[in-house]
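Colleague: Handing you a structure now.
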Amino acid sequence: EGTQLSLSLSEGDGYISARLNSSGWLAVCAEKSGYKGAVTVYNGEQELIYEVDLSSQFVVDAVVTEDCRFALLMTYGEENGAFCTNLVWYDLSAEEPVASVSLPNHVGFDMGKIGECYGSISSQAVAFVGKDGSTSGGYVFGGQYLQDYAFGDDFIALFLTRYQSGSVGTVLTLDSQGNVLGVLDVSDEILDIDAAGDHLAVLQSNTLVLYTCDLTEYSRLSDTSYASHVLMAEDGSALVIGGSSAWRYLP
């Protein structure tokens, strides 16, 4: 209904990421002169309630946990001479971090919540980390190429191919310990995948197929025409998006 928050930075600095949780709490990562990054947290009324400046790690991303008690930061750094991605939890009522985990030789570029854990995804693997800073598992792609991925409530879906270009490959789903829930071999072109709740949508060149998290098919829509994207909903429906139109599919 109108602008709730407008932010600006000093000249020369830029924003890195901004994420809302389901309660409307916002975590913003930005460059800051004299530091390797800064994170600010805003509550559901868009009031500034927390700020942390980083001097030893480069901040990449941040999100407020669903209980609105912690901010989870993803940073890049070095450990024992090797590159690493760090996931660091800050209690929003305290100054110092309460837990952290280092993932050596892991270039995380996105993270998402899976059950009670968070998954950090790179081009070579996905690692699962609990909010106490413990690692709960992972999955290495084994030389396959990551083409797409999607986070559900209690699983992550990966689309992996044998070659860097091409559509021959595998869609698989994992739980928060890295256990495989389901595997689907594909030979047709996959345009997009998306997940929500316990459901996964796979959009192929002219077909939309909906699955549960173990890749059990429960609905199929043919002749999706020029659709190129799909958004999955928690109720099991899907929004199919084309270049000039979009429609909701109710299975």
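Ordering of the structure tokens sets the chain letters (A, B, ...); residue numbers start at 1 within each chain; ligands are numbered from 1 in the order shown.
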Near range 136-153 of chain A, within 9 Å and counting only C-alpha atoms, which residues show up once chain neighbours fewer than 2 positions away are dropped, as a PyMOL selection string?
Modeller: chain A and resi 111-115+117+119+122-130+134+155-165+169+174+176-180+192-200+213+234
Colleague: For Leu26 in chain A, work out the shell of residues within 9 Å, counting only C-alpha atoms and skipping chain neighbours fewer than 3 positions away, then give it as a list in words.
Modeller: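 Surrounding residues, per the criterion: Ala18, Arg19, Leu20, Asn21, Ser23, Thr40, Val41, Tyr42, Asn43, Gly44, Gln46, Val63 and Val64 of chain A.
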Colleague: What does the file look like for those residues with N, CA and C atoms, as a PDB file, in the first residue's frame?
Modeller:
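What ended up in part-v6.pdb:
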```pdb
ATOM      1  N   ALA A  18      19.536  -8.221   0.215  1.00  0.00           N
ATOM      2  CA  ALA A  18      18.452  -7.861   1.140  1.00  0.00           C
ATOM      3  C   ALA A  18      17.465  -9.014   1.146  1.00  0.00           C
ATOM      4  N   ARG A  19      17.128  -9.509   2.337  1.00  0.00           N
ATOM      5  CA  ARG A  19      16.244 -10.670   2.458  1.00  0.00           C
ATOM      6  C   ARG A  19      15.184 -10.436   3.520  1.00  0.00           C
ATOM      7  N   LEU A  20      13.939 -10.783   3.167  1.00  0.00           N
ATOM      8  CA  LEU A  20      12.834 -10.780   4.112  1.00  0.00           C
ATOM      9  C   LEU A  20      12.565 -12.206   4.580  1.00  0.00           C
ATOM     10  N   ASN A  21      12.239 -12.368   5.862  1.00  0.00           N
ATOM     11  CA  ASN A  21      11.739 -13.670   6.295  1.00  0.00           C
ATOM     12  C   ASN A  21      10.207 -13.649   6.220  1.00  0.00           C
ATOM     13  N   SER A  23       8.001 -13.316   8.372  1.00  0.00           N
ATOM     14  CA  SER A  23       7.358 -12.347   9.270  1.00  0.00           C
ATOM     15  C   SER A  23       7.638 -10.908   8.867  1.00  0.00           C
ATOM     16  N   THR A  40      22.526  -4.882   8.610  1.00  0.00           N
ATOM     17  CA  THR A  40      21.520  -4.220   9.428  1.00  0.00           C
ATOM     18  C   THR A  40      20.240  -5.048   9.393  1.00  0.00           C
ATOM     19  N   VAL A  41      19.539  -5.086  10.514  1.00  0.00           N
ATOM     20  CA  VAL A  41      18.317  -5.874  10.646  1.00  0.00           C
ATOM     21  C   VAL A  41      17.168  -4.950  11.026  1.00  0.00           C
ATOM     22  N   TYR A  42      16.034  -5.126  10.340  1.00  0.00           N
ATOM     23  CA  TYR A  42      14.833  -4.327  10.577  1.00  0.00           C
ATOM     24  C   TYR A  42      13.690  -5.275  10.939  1.00  0.00           C
ATOM     25  N   ASN A  43      12.873  -4.870  11.918  1.00  0.00           N
ATOM     26  CA  ASN A  43      11.760  -5.721  12.342  1.00  0.00           C
ATOM     27  C   ASN A  43      10.583  -5.598  11.382  1.00  0.00           C
ATOM     28  N   GLY A  44       9.447  -6.208  11.735  1.00  0.00           N
ATOM     29  CA  GLY A  44       8.293  -6.211  10.850  1.00  0.00           C
ATOM     30  C   GLY A  44       7.704  -4.843  10.593  1.00  0.00           C
ATOM     31  N   GLN A  46       9.679  -2.377  10.080  1.00  0.00           N
ATOM     32  CA  GLN A  46      10.804  -1.778   9.361  1.00  0.00           C
ATOM     33  C   GLN A  46      11.586  -0.791  10.208  1.00  0.00           C
ATOM     34  N   VAL A  63      20.242 -13.459   6.604  1.00  0.00           N
ATOM     35  CA  VAL A  63      18.801 -13.637   6.708  1.00  0.00           C
ATOM     36  C   VAL A  63      18.437 -13.684   8.192  1.00  0.00           C
ATOM     37  N   VAL A  64      17.250 -13.191   8.532  1.00  0.00           N
ATOM     38  CA  VAL A  64      16.742 -13.315   9.898  1.00  0.00           C
ATOM     39  C   VAL A  64      16.031 -14.661  10.001  1.00  0.00           C
TER      40      VAL A  64
END
```
Colleague: Can you list, as a VMD selection string, all residues belonging to range 1-152 of chain A that DSSP tags as strand (DSSP E)?
Modeller: chain A and resid 15 to 20 26 to 30 37 to 42 48 to 54 58 to 64 70 to 79 82 to 91 97 to 104 110 to 114 117 to 121 125 to 130 135 to 140 145 to 151
Colleague: Neighbouring residues of Ser102 in chain A were defined as those with any atom within 7 Å, considering only C-alpha atoms; residues of the same chain fewer than 3 positions away were excluded. Please report them as a list in words.
Modeller: Cys84, Thr85, Asn86 and Leu87 of chain A
Colleague: Between A:Thr65, A:Met74, A:Gly133, A:Glu96, which residue has the minimum interatomic distance to Ile121 in chain A, considering only C-alpha atoms?
Modeller: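 With only C-alpha atoms as the atom set, the closest residue is A:Met74.
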Colleague: Choose the residue, out of A:Ala82, A:Cys29, A:Val52, A:Ala62, that has the smallest atom-to-atom separation from Pro97 in chain A; count only C-alpha atoms.
Modeller: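 Between A:Ala82, A:Cys29, A:Val52, A:Ala62, the residue approaching Pro97 in chain A most closely is A:Val52.
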Colleague: Grab the CA of Asp13 in chain A to CA of Ser120 in chain A distance for me, in Å with one decimal place.
Modeller: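 Between these atoms lies a distance of 26.2 Å.
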Colleague: CA of Gly12 in chain A and CA of Ser33 in chain A, how far apart in Å?
Modeller: 8.7 Å
Colleague: As an exercise, work out the distance from CA of Leu72 in chain A to CA of Gly34 in chain A in Å and give it to one decimal place.
Modeller: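 Computing it gives 22.2 Å between the two atoms.
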Colleague: My list of candidates is A:Ala94, A:Val186, A:Ala27, A:Leu48. Which is closest to Asp61 in chain A when distances are computed with only C-alpha atoms?
Modeller: A:Ala27
Colleague: With distances taken over only C-alpha atoms, which of A:Gly242, A:Thr207, A:Ser6, A:Asp214 is nearest to Asp175 in chain A?
Modeller: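 Of the candidates, the smallest distance to Asp175 in chain A is held by A:Asp214.
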